[in-house]
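One file, start17.csv, is given below (CSV, C-alpha atoms and all ligand atoms).
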chain,number,residue,atom,x,y,z
R,1,MET,CA,109.4,80.6,114.5
R,2,THR,CA,107.4,79.7,111.3
R,3,ARG,CA,108.1,76.4,109.8
R,4,ARG,CA,110.8,76.4,107.2
R,5,THR,CA,112.5,73.6,105.4
R,6,ALA,CA,116.1,73.0,106.0
R,7,ILE,CA,117.3,74.2,102.6
R,8,GLY,CA,114.9,77.2,102.8
R,9,SER,CA,116.3,78.0,106.2
R,10,LEU,CA,119.8,78.0,104.9
R,11,ALA,CA,118.8,80.5,102.2
R,12,THR,CA,117.5,82.9,104.8
R,13,ILE,CA,120.4,82.6,107.2
R,14,GLY,CA,122.8,84.5,105.1
R,15,GLY,CA,123.4,82.8,101.8
R,16,ALA,CA,124.0,79.2,101.1
R,17,ILE,CA,127.8,79.0,101.5
R,18,ALA,CA,129.2,79.9,104.8
R,19,ILE,CA,132.9,79.7,103.9
R,20,SER,CA,135.0,82.3,105.6
R,21,PRO,CA,136.2,85.0,103.2
R,22,THR,CA,139.7,84.8,104.7
R,23,LEU,CA,139.8,81.1,103.7
R,24,LEU,CA,139.2,82.1,100.1
R,25,SER,CA,140.8,85.4,99.7
R,26,GLY,CA,143.3,85.9,102.5
R,27,MET,CA,145.5,88.9,103.0
R,28,VAL,CA,148.5,87.9,100.9
R,29,SER,CA,149.2,89.2,97.4
R,30,GLU,CA,148.5,86.5,94.8
R,31,ASP,CA,151.9,86.9,93.2
R,32,LYS,CA,153.9,85.1,96.0
R,33,LYS,CA,153.5,81.4,95.5
R,34,LEU,CA,154.9,78.8,97.9
R,35,GLY,CA,156.6,75.7,96.5
R,36,VAL,CA,155.1,72.3,97.2
R,37,ALA,CA,156.8,68.9,97.1
R,38,LEU,CA,154.6,65.8,96.9
R,39,VAL,CA,155.9,62.7,98.7
R,40,GLY,CA,154.6,59.4,97.3
R,41,LEU,CA,153.2,59.5,93.8
R,42,GLY,CA,150.4,57.0,94.1
R,43,ASN,CA,146.7,57.3,93.2
R,44,TYR,CA,145.8,60.3,95.3
R,45,ALA,CA,148.8,62.3,94.3
R,46,THR,CA,148.4,61.4,90.6
R,47,LEU,CA,144.6,61.7,90.2
R,48,GLN,CA,143.9,64.5,92.6
R,49,LEU,CA,146.7,66.5,94.1
R,50,GLY,CA,148.9,66.9,91.0
R,51,PRO,CA,145.9,68.2,89.0
R,52,ALA,CA,144.7,70.3,91.9
R,53,LEU,CA,148.1,72.0,92.1
R,54,ARG,CA,147.5,73.3,88.5
R,55,GLN,CA,144.6,75.3,90.0
R,56,THR,CA,146.1,76.6,93.2
R,57,LYS,CA,146.7,80.4,93.4
R,58,VAL,CA,149.1,80.6,96.4
R,59,CYS,CA,151.2,77.5,96.0
R,60,GLU,CA,152.5,75.4,93.1
R,61,LEU,CA,154.1,72.0,92.5
R,62,ARG,CA,157.9,72.4,92.4
R,63,GLY,CA,159.2,69.1,93.8
R,64,ILE,CA,158.5,65.3,94.0
R,65,VAL,CA,159.7,62.5,96.2
R,66,THR,CA,159.3,59.0,94.8
R,67,GLY,CA,160.8,55.5,95.1
R,68,THR,CA,159.9,54.7,91.5
R,69,PRO,CA,162.3,56.1,88.9
R,70,GLU,CA,159.8,55.9,86.0
R,71,LYS,CA,157.3,58.0,87.9
R,72,ALA,CA,160.0,60.6,88.5
R,73,VAL,CA,160.6,60.9,84.7
R,74,ASN,CA,156.8,61.1,83.9
R,75,TRP,CA,156.2,63.7,86.5
R,76,GLN,CA,159.2,65.8,85.5
R,77,LYS,CA,157.7,65.8,81.9
R,78,GLU,CA,154.1,66.4,82.9
R,79,TYR,CA,154.7,69.1,85.4
R,80,GLY,CA,158.0,70.6,84.3
R,81,ILE,CA,159.8,69.6,87.5
R,82,SER,CA,163.6,69.8,87.3
R,83,PRO,CA,165.8,66.9,88.4
R,84,GLU,CA,167.3,69.1,91.1
R,85,HIS,CA,163.9,69.1,92.9
R,86,THR,CA,163.4,65.4,92.5
R,87,TYR,CA,164.1,63.1,95.5
R,88,ASP,CA,163.7,59.5,96.6
R,89,TYR,CA,163.4,58.2,100.2
R,90,GLU,CA,167.1,58.0,100.6
R,91,THR,CA,167.7,61.6,99.6
R,92,PHE,CA,164.6,63.0,101.2
R,93,ASP,CA,166.4,64.8,104.0
R,94,ARG,CA,168.3,66.9,101.4
R,95,LEU,CA,165.0,68.9,101.1
R,96,LYS,CA,166.4,71.0,103.9
R,97,ASP,CA,168.9,72.6,101.3
R,98,ASP,CA,166.2,73.2,98.7
R,99,PRO,CA,164.8,76.8,99.2
R,100,ALA,CA,162.3,76.3,96.3
R,101,ILE,CA,160.3,73.9,98.5
R,102,ASP,CA,158.2,75.5,101.4
R,103,ILE,CA,155.6,72.8,101.9
R,104,VAL,CA,156.1,69.0,101.9
R,105,TYR,CA,152.9,67.1,101.3
R,106,ILE,CA,153.0,63.5,102.7
R,107,VAL,CA,150.9,61.2,100.6
R,108,LEU,CA,152.4,57.9,101.7
R,109,PRO,CA,150.8,54.7,103.2
R,110,ASN,CA,149.6,55.5,106.8
R,111,PHE,CA,152.4,53.7,108.7
R,112,MET,CA,154.9,56.1,107.0
R,113,HIS,CA,153.1,59.4,107.9
R,114,ALA,CA,154.7,60.1,111.2
R,115,GLU,CA,158.2,59.4,110.2
R,116,TYR,CA,158.2,61.5,107.0
R,117,THR,CA,156.2,64.3,108.6
R,118,ILE,CA,158.8,64.6,111.4
R,119,ARG,CA,161.7,64.4,109.0
R,120,ALA,CA,160.2,67.1,106.8
R,121,LEU,CA,159.6,69.3,109.8
R,122,GLN,CA,163.2,68.7,110.9
R,123,ALA,CA,164.3,69.8,107.4
R,124,GLY,CA,162.6,73.2,108.2
R,125,LYS,CA,159.5,72.7,105.9
R,126,HIS,CA,155.9,73.2,106.6
R,127,VAL,CA,154.0,69.9,106.3
R,128,ILE,CA,150.6,68.7,105.0
R,129,CYS,CA,150.1,65.1,106.1
R,130,GLU,CA,147.3,62.9,104.6
R,131,LYS,CA,144.7,61.3,106.8
R,132,PRO,CA,144.8,59.4,109.1
R,133,MET,CA,147.5,61.7,110.4
R,134,GLY,CA,149.2,58.9,112.4
R,135,MET,CA,148.6,55.3,113.5
R,136,ASP,CA,147.1,56.4,116.8
R,137,ALA,CA,146.6,59.6,118.9
R,138,ALA,CA,150.0,59.2,120.6
R,139,GLU,CA,151.7,59.3,117.2
R,140,CYS,CA,149.7,62.5,116.3
R,141,GLU,CA,150.9,64.0,119.6
R,142,THR,CA,154.5,63.4,118.6
R,143,MET,CA,153.9,65.0,115.2
R,144,ILE,CA,152.3,68.1,116.7
R,145,ALA,CA,155.2,68.4,119.2
R,146,ALA,CA,157.7,68.1,116.3
R,147,ALA,CA,155.9,71.0,114.4
R,148,LYS,CA,156.0,73.2,117.6
R,149,LYS,CA,159.7,72.4,118.1
R,150,ALA,CA,160.5,73.2,114.5
R,151,GLY,CA,158.4,76.4,114.5
R,152,ARG,CA,156.6,75.2,111.3
R,153,LYS,CA,152.9,74.7,110.5
R,154,LEU,CA,151.2,71.4,110.2
R,155,GLN,CA,147.9,70.7,108.3
R,156,VAL,CA,146.1,67.4,107.9
R,157,GLY,CA,144.7,66.6,104.4
R,158,TYR,CA,141.1,67.2,105.5
R,159,ARG,CA,139.8,68.7,102.2
R,160,LEU,CA,136.2,68.7,103.6
R,161,PHE,CA,137.1,71.3,106.3
R,162,TYR,CA,137.2,73.7,103.3
R,163,GLU,CA,134.2,72.3,101.4
R,164,PRO,CA,131.3,74.7,101.2
R,165,HIS,CA,128.5,72.1,101.4
R,166,HIS,CA,130.1,70.6,104.5
R,167,LEU,CA,130.3,74.0,106.1
R,168,GLN,CA,126.6,74.4,105.2
R,169,MET,CA,125.6,71.2,106.9
R,170,MET,CA,127.5,72.3,110.1
R,171,LYS,CA,125.8,75.7,110.0
R,172,TRP,CA,122.3,74.2,109.7
R,173,ALA,CA,123.0,71.6,112.4
R,174,GLN,CA,124.0,74.3,114.9
R,175,GLU,CA,121.5,77.0,114.2
R,176,PRO,CA,118.6,77.1,116.6
R,177,PHE,CA,115.9,76.6,113.9
R,178,GLU,CA,113.7,73.5,114.8
R,179,GLY,CA,115.6,73.0,118.0
R,180,ARG,CA,118.6,70.9,118.7
R,181,ILE,CA,120.2,68.3,116.6
R,182,ARG,CA,119.2,64.8,117.9
R,183,LEU,CA,120.2,62.2,115.4
R,184,MET,CA,123.0,61.9,112.8
R,185,GLU,CA,124.2,59.2,110.4
R,186,THR,CA,127.5,59.5,108.7
R,187,SER,CA,128.8,56.6,106.6
R,188,LEU,CA,131.3,55.9,103.9
R,189,GLY,CA,132.2,52.6,102.1
R,190,PHE,CA,133.6,51.2,98.9
R,191,ASP,CA,134.0,47.7,97.6
R,192,MET,CA,137.8,48.1,97.4
R,193,ALA,CA,139.5,45.4,99.5
R,194,ARG,CA,141.9,43.3,97.3
R,195,PRO,CA,144.7,40.9,98.2
R,196,GLY,CA,148.0,42.8,98.6
R,197,LEU,CA,146.5,46.2,99.2
R,198,TRP,CA,148.5,48.0,101.9
R,199,ARG,CA,145.2,49.4,103.3
R,200,ILE,CA,144.1,45.9,104.5
R,201,ASP,CA,147.5,45.1,106.1
R,202,PRO,CA,147.1,46.1,109.8
R,203,LYS,CA,150.8,47.1,110.1
R,204,MET,CA,150.7,49.4,107.1
R,205,GLY,CA,147.1,50.7,107.1
R,206,GLY,CA,146.5,50.5,110.9
R,207,GLY,CA,142.9,49.1,110.7
R,208,GLY,CA,141.3,48.9,107.2
R,209,ALA,CA,138.2,51.0,106.6
R,210,LEU,CA,138.3,52.4,110.1
R,211,MET,CA,141.6,54.2,109.6
R,212,ASP,CA,141.0,54.9,105.9
R,213,LEU,CA,137.4,56.2,106.0
R,214,GLY,CA,136.8,56.7,109.7
R,215,PRO,CA,138.3,60.2,109.8
R,216,TYR,CA,135.8,61.6,107.3
R,217,VAL,CA,132.7,60.3,109.1
R,218,ILE,CA,134.0,61.1,112.6
R,219,GLN,CA,134.9,64.7,111.8
R,220,ALA,CA,131.5,65.2,110.1
R,221,ALA,CA,129.6,64.0,113.2
R,222,ARG,CA,131.8,65.9,115.6
R,223,ARG,CA,131.7,69.1,113.7
R,224,ALA,CA,127.9,69.0,113.1
R,225,ALA,CA,127.4,68.3,116.8
R,226,GLY,CA,129.8,71.2,117.6
R,227,GLN,CA,131.2,69.1,120.5
R,228,MET,CA,133.2,66.0,121.3
R,229,PRO,CA,131.2,62.7,121.8
R,230,VAL,CA,131.5,61.3,125.3
R,231,SER,CA,131.5,57.6,124.5
R,232,VAL,CA,131.4,55.0,121.7
R,233,MET,CA,130.1,51.5,121.2
R,234,ALA,CA,131.5,49.7,118.2
R,235,GLN,CA,130.9,46.5,116.2
R,236,GLY,CA,133.0,44.8,113.5
R,237,TYR,CA,132.0,42.5,110.7
R,238,ILE,CA,134.0,40.2,108.4
R,239,ASP,CA,132.3,39.1,105.2
R,240,ASP,CA,135.4,37.5,103.7
R,241,PRO,CA,137.7,35.8,106.2
R,242,GLY,CA,140.3,35.0,103.5
R,243,LEU,CA,140.7,38.7,102.8
R,244,TYR,CA,140.4,40.4,106.1
R,245,LYS,CA,143.1,39.3,108.5
R,246,GLY,CA,143.5,41.2,111.8
R,247,ILE,CA,140.9,43.8,110.7
R,248,TYR,CA,137.2,43.9,110.0
R,249,GLY,CA,135.7,44.5,106.5
R,250,THR,CA,132.9,46.7,107.9
R,251,TYR,CA,133.0,48.7,111.1
R,252,ALA,CA,129.8,50.2,112.7
R,253,TRP,CA,129.6,52.4,115.8
R,254,GLN,CA,127.4,54.7,117.8
R,255,LEU,CA,128.8,58.0,119.2
R,256,ARG,CA,126.9,59.4,122.2
R,257,PHE,CA,127.1,63.1,123.0
R,258,ALA,CA,126.6,64.7,126.4
R,259,ASP,CA,123.3,66.3,125.3
R,260,HIS,CA,121.9,62.8,124.2
R,261,THR,CA,122.6,63.4,120.5
R,262,VAL,CA,123.4,60.1,118.8
R,263,CYS,CA,125.4,59.4,115.6
R,264,ASN,CA,125.3,56.1,113.8
R,265,SER,CA,128.3,55.5,111.5
R,266,THR,CA,129.4,52.7,109.2
R,267,VAL,CA,132.6,52.4,107.2
R,268,SER,CA,133.3,49.5,104.9
R,269,PHE,CA,135.8,48.1,102.4
R,270,SER,CA,133.1,45.7,101.2
R,271,ALA,CA,130.2,47.8,100.0
R,272,TYR,CA,129.3,51.3,98.8
R,273,VAL,CA,127.8,53.9,101.1
R,274,ASP,CA,128.3,57.7,101.2
R,275,ARG,CA,126.0,59.8,103.3
R,276,TYR,CA,125.9,62.6,105.9
R,277,TYR,CA,122.5,63.0,107.6
R,278,VAL,CA,121.5,65.3,110.3
R,279,ALA,CA,118.0,65.5,111.9
R,280,LYS,CA,116.3,67.8,114.4
R,281,GLY,CA,112.6,67.9,115.1
R,282,ASN,CA,110.9,66.7,112.0
R,283,GLN,CA,113.4,68.3,109.7
R,284,PHE,CA,116.5,66.8,108.3
R,285,LEU,CA,119.3,67.8,106.0
R,286,GLU,CA,121.2,65.2,104.0
R,287,LEU,CA,124.2,65.3,101.7
R,288,LYS,CA,124.5,62.3,99.4
R,289,PRO,CA,127.1,61.6,98.1
R,290,ALA,CA,128.8,63.4,100.9
R,291,PHE,CA,132.5,62.5,101.3
R,292,ALA,CA,133.9,61.4,97.9
R,293,ALA,CA,136.1,64.1,96.2
R,294,ASN,CA,134.7,65.9,93.2
R,295,SER,CA,131.2,64.3,93.1
R,296,LYS,CA,128.2,66.4,92.4
R,297,LEU,CA,126.7,66.5,95.9
R,298,THR,CA,123.0,66.4,96.4
R,299,LEU,CA,121.6,68.3,99.4
R,300,GLN,CA,118.1,67.2,100.4
R,301,ASP,CA,115.5,68.1,103.0
R,302,ARG,CA,111.9,67.0,103.4
R,303,GLU,CA,110.7,69.1,100.5
R,304,ASN,CA,113.7,69.9,98.3
R,305,ALA,CA,116.6,68.2,96.6
R,306,THR,CA,119.3,70.4,95.2
R,307,THR,CA,122.2,69.0,93.3
R,308,LEU,CA,125.1,71.2,93.9
R,309,PRO,CA,128.0,71.6,91.7
R,310,SER,CA,131.2,70.7,93.5
R,311,ALA,CA,134.5,72.6,93.1
R,312,GLU,CA,136.6,70.7,90.5
R,313,PHE,CA,139.3,70.0,93.0
R,314,GLN,CA,138.5,70.5,96.7
R,315,GLN,CA,142.2,70.1,97.4
R,316,ALA,CA,143.1,73.3,95.7
R,317,THR,CA,141.2,75.3,98.3
R,318,GLN,CA,142.7,73.2,101.1
R,319,MET,CA,146.3,73.7,99.9
R,320,ASP,CA,145.8,77.5,99.2
R,321,ALA,CA,144.3,77.9,102.6
R,322,PHE,CA,147.4,76.4,104.2
R,323,ALA,CA,149.7,78.5,102.0
R,324,ARG,CA,147.9,81.6,103.2
R,325,ASN,CA,148.2,80.4,106.8
R,326,ILE,CA,151.9,80.3,106.3
R,327,LEU,CA,152.2,83.6,104.6
R,328,ASP,CA,149.9,85.5,107.0
R,329,ASP,CA,151.0,83.5,110.0
R,330,THR,CA,147.4,82.6,110.8
R,331,PRO,CA,146.1,79.4,112.5
R,332,VAL,CA,145.6,76.3,110.4
R,333,VAL,CA,141.9,75.2,110.3
R,334,ALA,CA,142.5,71.5,109.5
R,335,SER,CA,145.2,71.4,112.2
R,336,GLY,CA,147.2,68.6,113.7
R,337,GLU,CA,145.1,69.0,116.8
R,338,GLU,CA,141.9,68.3,114.8
R,339,ALA,CA,143.4,65.1,113.5
R,340,ARG,CA,144.5,64.1,117.0
R,341,THR,CA,140.9,64.6,118.2
R,342,ASP,CA,139.6,62.2,115.5
R,343,MET,CA,142.4,59.7,116.4
R,344,ARG,CA,141.3,59.7,120.0
R,345,ILE,CA,137.8,58.6,118.8
R,346,ILE,CA,139.3,56.0,116.5
R,347,ASP,CA,141.4,54.7,119.4
R,348,ALA,CA,138.3,54.4,121.6
R,349,ILE,CA,136.5,52.6,118.7
R,350,LYS,CA,139.3,50.0,118.7
R,351,GLU,CA,139.1,49.6,122.4
R,352,SER,CA,135.3,49.1,122.2
R,353,LEU,CA,135.8,46.4,119.5
R,354,LYS,CA,138.3,44.6,121.8
R,355,SER,CA,136.2,44.8,125.0
R,356,GLY,CA,132.8,44.6,123.5
R,357,LYS,CA,131.8,47.5,125.8
R,358,GLU,CA,130.9,51.1,125.5
R,359,VAL,CA,134.1,53.1,126.0
R,360,ASP,CA,134.5,56.7,127.3
R,361,ILE,CA,136.3,59.0,124.9
R,362,PRO,CA,139.1,61.2,126.5
R,363,ARG,CA,138.8,64.9,126.0
R,401,LIG,P1,148.7,54.5,96.9
R,401,LIG,O1,149.0,53.1,97.3
R,401,LIG,O2,148.0,54.7,95.6
R,401,LIG,O3,150.0,55.4,96.9
R,401,LIG,C1,151.0,55.4,97.9
R,401,LIG,C2,152.4,55.7,97.3
R,401,LIG,O4,153.3,55.7,98.4
R,401,LIG,C3,152.9,54.6,96.4
R,401,LIG,O5,152.5,54.8,95.0
R,401,LIG,C4,154.4,54.9,96.5
R,401,LIG,O6,154.8,56.0,95.7
R,401,LIG,C5,154.6,55.3,97.9
R,401,LIG,N1,155.1,54.3,98.8
R,401,LIG,C6,156.3,54.4,99.5
R,401,LIG,N2,156.5,53.3,100.2
R,401,LIG,C7,155.5,52.4,100.0
R,401,LIG,C8,155.1,51.1,100.5
R,401,LIG,N3,155.9,50.5,101.3
R,401,LIG,N4,154.0,50.6,100.1
R,401,LIG,C9,153.2,51.2,99.2
R,401,LIG,N5,153.4,52.5,98.7
R,401,LIG,C10,154.6,53.1,99.1
R,401,LIG,O7,147.8,55.2,98.0
R,401,LIG,P2,146.9,56.5,97.9
R,401,LIG,O8,147.6,57.5,97.1
R,401,LIG,O9,145.5,56.1,97.6
R,401,LIG,O10,146.9,57.0,99.5
R,401,LIG,C11,148.0,57.6,100.0
R,401,LIG,C12,147.6,58.4,101.3
R,401,LIG,O11,146.6,59.4,100.9
R,401,LIG,C13,146.9,57.5,102.3
R,401,LIG,O12,147.3,57.9,103.6
R,401,LIG,C14,145.4,57.8,102.2
R,401,LIG,O13,144.7,57.7,103.4
R,401,LIG,C15,145.5,59.3,101.7
R,401,LIG,N6,144.3,59.6,100.9
R,401,LIG,C16,143.6,60.7,101.1
R,401,LIG,C17,142.5,61.0,100.4
R,401,LIG,C18,141.7,62.2,100.8
R,401,LIG,O14,140.6,62.4,100.2
R,401,LIG,N7,142.2,63.1,101.6
R,401,LIG,C19,142.0,60.2,99.3
R,401,LIG,C20,142.9,59.1,99.0
R,401,LIG,C21,144.0,58.8,99.8
R,401,LIG,P3,156.2,56.0,94.9
R,401,LIG,O15,156.1,54.9,93.9
R,401,LIG,O16,156.1,57.4,94.3
R,401,LIG,O17,157.2,55.9,95.9
Spell out the structure here as C-alpha cells.
Amino acid sequence: MTRRTAIGSLATIGGAIAISPTLLSGMVSEDKKLGVALVGLGNYATLQLGPALRQTKVCELRGIVTGTPEKAVNWQKEYGISPEHTYDYETFDRLKDDPAIDIVYIVLPNFMHAEYTIRALQAGKHVICEKPMGMDAAECETMIAAAKKAGRKLQVGYRLFYEPHHLQMMKWAQEPFEGRIRLMETSLGFDMARPGLWRIDPKMGGGGALMDLGPYVIQAARRAAGQMPVSVMAQGYIDDPGLYKGIYGTYAWQLRFADHTVCNSTVSFSAYVDRYYVAKGNQFLELKPAFAANSKLTLQDRENATTLPSAEFQQATQMDAFARNILDDTPVVASGEEARTDMRIIDAIKESLKSGKEVDIPR
C-alpha cells in the first residue's frame, strides 16, 4: 500500500463522513413528531437541549419537569409549553396520563438518573437518560431491565455516537491502512470544581470528573479500538484537599487491550484538556478539541490540519435518531447496554484506585 496521510486516507475511503444514512434520514415521514419532556432545567437543558429541540425534525419539546416554579414560567413563555404539560417532581408520575409526551429526557444530577428513568419507563414513556447513565454498572442493569419490562426504548445521552468526526476517527482507527492501532490518548478536563457543586459531592455525582467526563473518553477509546479493554490501572491526584473530599480532582488511567493496544486517559476538574489521539505505524489522527459540544473540531494528521465545522447542536441529531428508532422500531445506537459497558470500566477504575493494582474488566 502506498503511503498516505491519515486525512488523505479518509478522503479515499469513501468520503469524509461515515454516518449511516438511516441515522440521518430514516424511514419515517417527517410530519410525525414525537413529544419530548425535559426533566431538570439546569445548564445542559437550558443551554443545549432546549435550543437543540428547536432544530429537531422528528421530535419537539412539549413538556417540562422542574422543581423551580420561576423556571417553569420562563420555559412556558420561551417554548410555548402549556401548564397542562408542566410537572414538578411530586407530579412527575402523572406523565403516564399525558399522551402528548412520548419521550422523557432525564437531565438531573447523576444520583437521580436511575430513579427517574425507571419511573418514566413505568409511566409508559421512552427515555433518554443523561450520562453517566447510573451510579454503577449494577444500576445500569436495573434500568435496562426496567426498559425491557416496560417494552419501551432507552437511549443514553451520548451525543458523540452520532457525531460525524467521531465516526470518522473510528473508521480510520479500524481500517487496515498502516496496520493496527497501537496507541491512543483520550482526555477531557475543565477547571470547574467549586464548593457546593453537586458534581464534587460523592453521593450526588458518584466520583467527580471520573463520572462526569469519564464516559466520553472511555467510549472514544473503546470504539476506536473496536473491542473491550481487558484491564485497567488507575491513579488519582488531589491538588486542592479543601475542595476534593472523597473524590480525586484528576484521574488518570491506562486501558490495556488483548491485542496490546494501550490507551492513556486523563479526566480532571482542575485543568483544561480535550483531545482524542489515535496512532498506528508512523501515522496518527487527532481531534482537538474533541469532546466539548459545539466547538469547531480540528482534525490533524502528520501533514494536514483541517478545522471542521461542527453541527450547531449535536444533540438534535442524537434526539432525532432516537425518535426514528421509536417510530421505525429499530435498535438504539447509544443504547443502555453501551452505557453499562462504560460503567463496567468506570467500576474497574474505582477498584484499581482502591487496590493500587491493575484490575481485570468484566466482559
Ligand atoms: P445542573 O446542575 O446545571 O442542572 C441540574 C438540574 O437538576 C437543576 O437545575 C435542577 O433543575 C434539577 N435538580 C433536581 N434536584 C436537584 C438536586 N438535588 N440538586 C441539583 N439539581 C437538582 O446540571 P447539568 O445540567 O450540567 O447536568 C445535568 C446532567 O446532564 C448530568 O447528569 C450531566 O452529566 C449531564 N450532562 C451531559 C452533557 C452531555 O454533553 N451529554 C453535558 C452536560 C451535562 P430544576 O430547578 O429544573 O428542578
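Close contacts of Gly134 of chain R, defined as residues with an atom at most 7 Å away when counting all atoms listed in the file, with chain neighbours fewer than 5 positions off set aside, comprise R:Asn110, R:His113, R:Ala114, R:Glu139, R:Cys140.
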Within 10 Å of segment 102-106 of chain R: each segment 230-327 of chain R residue with its shortest pair, only C-alpha atoms, as JSON lines:
{"residue": "R:Met319", "atom": "CA", "partner": "R:Tyr105", "partner_atom": "CA", "distance": 9.4}
{"residue": "R:Phe322", "atom": "CA", "partner": "R:Ile103", "partner_atom": "CA", "distance": 9.2}
{"residue": "R:Ala323", "atom": "CA", "partner": "R:Ile103", "partner_atom": "CA", "distance": 8.2}
{"residue": "R:Ile326", "atom": "CA", "partner": "R:Asp102", "partner_atom": "CA", "distance": 9.3}
Counting only C-alpha atoms and all ligand atoms, what are the residues of chain R within 7 Å of ligand LIG 401 (chain R), and for each of them which pair of atoms is the nearest and at what distance in Å, to one decimal? Sort the table by chain and rising number, as CSV.
residue,atom,partner,partner_atom,distance
R:Val39,CA,R:LIG401,O16,6.9
R:Gly40,CA,R:LIG401,O6,3.8
R:Leu41,CA,R:LIG401,O16,3.6
R:Gly42,CA,R:LIG401,O5,3.2
R:Asn43,CA,R:LIG401,O2,3.8
R:Tyr44,CA,R:LIG401,O8,3.8
R:Ala45,CA,R:LIG401,O8,5.7
R:Val65,CA,R:LIG401,O16,6.5
R:Thr66,CA,R:LIG401,O16,3.6
R:Gly67,CA,R:LIG401,O17,3.7
R:Thr68,CA,R:LIG401,O15,4.5
R:Lys71,CA,R:LIG401,O16,6.5
R:Val107,CA,R:LIG401,C12,4.4
R:Leu108,CA,R:LIG401,O4,4.1
R:Pro109,CA,R:LIG401,O12,4.8
R:Asn110,CA,R:LIG401,O12,4.6
R:Glu130,CA,R:LIG401,C15,5.0
R:Lys131,CA,R:LIG401,O13,5.0
R:Pro132,CA,R:LIG401,O13,5.9
R:Gly157,CA,R:LIG401,N7,5.1
R:Tyr158,CA,R:LIG401,N7,5.8
R:Arg159,CA,R:LIG401,N7,6.1
R:Trp198,CA,R:LIG401,C9,6.3
R:Asp212,CA,R:LIG401,O13,5.3
R:Ala293,CA,R:LIG401,O14,6.3
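From atom CA of Leu154 of chain R back to atom CA of Val333 of chain R, the distance works out to 10.0 Å.
Reported to one decimal place, the separation of atom CA of Ser231 of chain R from atom CA of Leu255 of chain R is 6.0 Å.
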Legend entry - Nearest to Leu210 of chain R by atom-to-atom distance, counting only C-alpha atoms, from R:Val230, R:Leu285, R:Val156, R:Ala348: R:Ala348
Residue completion, segment 155-167 of chain R, N, CA, C and O atoms, as an mmCIF file, in the frame of the given file:
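As written to disk, result_35.cif reads:
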data_model
loop_
_atom_site.group_PDB
_atom_site.id
_atom_site.type_symbol
_atom_site.label_atom_id
_atom_site.label_comp_id
_atom_site.auth_asym_id
_atom_site.auth_seq_id
_atom_site.Cartn_x
_atom_site.Cartn_y
_atom_site.Cartn_z
ATOM 1 N N GLN R 155 149.356 70.847 108.641
ATOM 2 C CA GLN R 155 147.900 70.700 108.300
ATOM 3 C C GLN R 155 147.706 69.200 107.991
ATOM 4 O O GLN R 155 148.589 68.513 107.476
ATOM 5 N N VAL R 156 146.507 68.712 108.327
ATOM 6 C CA VAL R 156 146.100 67.400 107.900
ATOM 7 C C VAL R 156 145.301 67.502 106.636
ATOM 8 O O VAL R 156 144.618 68.511 106.459
ATOM 9 N N GLY R 157 145.395 66.505 105.756
ATOM 10 C CA GLY R 157 144.700 66.600 104.400
ATOM 11 C C GLY R 157 143.232 66.489 104.485
ATOM 12 O O GLY R 157 142.660 65.720 103.707
ATOM 13 N N TYR R 158 142.575 67.241 105.378
ATOM 14 C CA TYR R 158 141.100 67.200 105.500
ATOM 15 C C TYR R 158 140.506 68.198 104.536
ATOM 16 O O TYR R 158 140.158 69.318 104.903
ATOM 17 N N ARG R 159 140.347 67.761 103.272
ATOM 18 C CA ARG R 159 139.800 68.700 102.200
ATOM 19 C C ARG R 159 138.420 69.164 102.572
ATOM 20 O O ARG R 159 138.018 70.255 102.200
ATOM 21 N N LEU R 160 137.650 68.348 103.345
ATOM 22 C CA LEU R 160 136.200 68.700 103.600
ATOM 23 C C LEU R 160 136.097 69.810 104.641
ATOM 24 O O LEU R 160 135.022 70.380 104.774
ATOM 25 N N PHE R 161 137.166 70.140 105.350
ATOM 26 C CA PHE R 161 137.100 71.300 106.300
ATOM 27 C C PHE R 161 136.966 72.594 105.481
ATOM 28 O O PHE R 161 136.643 73.633 106.052
ATOM 29 N N TYR R 162 137.239 72.529 104.188
ATOM 30 C CA TYR R 162 137.200 73.700 103.300
ATOM 31 C C TYR R 162 136.111 73.605 102.288
ATOM 32 O O TYR R 162 136.067 74.394 101.352
ATOM 33 N N GLU R 163 135.229 72.591 102.415
ATOM 34 C CA GLU R 163 134.200 72.300 101.400
ATOM 35 C C GLU R 163 132.933 73.002 101.739
ATOM 36 O O GLU R 163 132.350 72.752 102.813
ATOM 37 N N PRO R 164 132.438 73.870 100.865
ATOM 38 C CA PRO R 164 131.300 74.700 101.200
ATOM 39 C C PRO R 164 130.041 73.932 101.659
ATOM 40 O O PRO R 164 129.347 74.362 102.583
ATOM 41 N N HIS R 165 129.727 72.787 101.041
ATOM 42 C CA HIS R 165 128.500 72.100 101.400
ATOM 43 C C HIS R 165 128.624 71.452 102.806
ATOM 44 O O HIS R 165 127.638 71.342 103.532
ATOM 45 N N HIS R 166 129.834 71.061 103.170
ATOM 46 C CA HIS R 166 130.100 70.600 104.500
ATOM 47 C C HIS R 166 129.906 71.678 105.554
ATOM 48 O O HIS R 166 129.330 71.482 106.620
ATOM 49 N N LEU R 167 130.406 72.845 105.206
ATOM 50 C CA LEU R 167 130.300 74.000 106.100
ATOM 51 C C LEU R 167 128.784 74.355 106.263
ATOM 52 O O LEU R 167 128.322 74.730 107.337
#
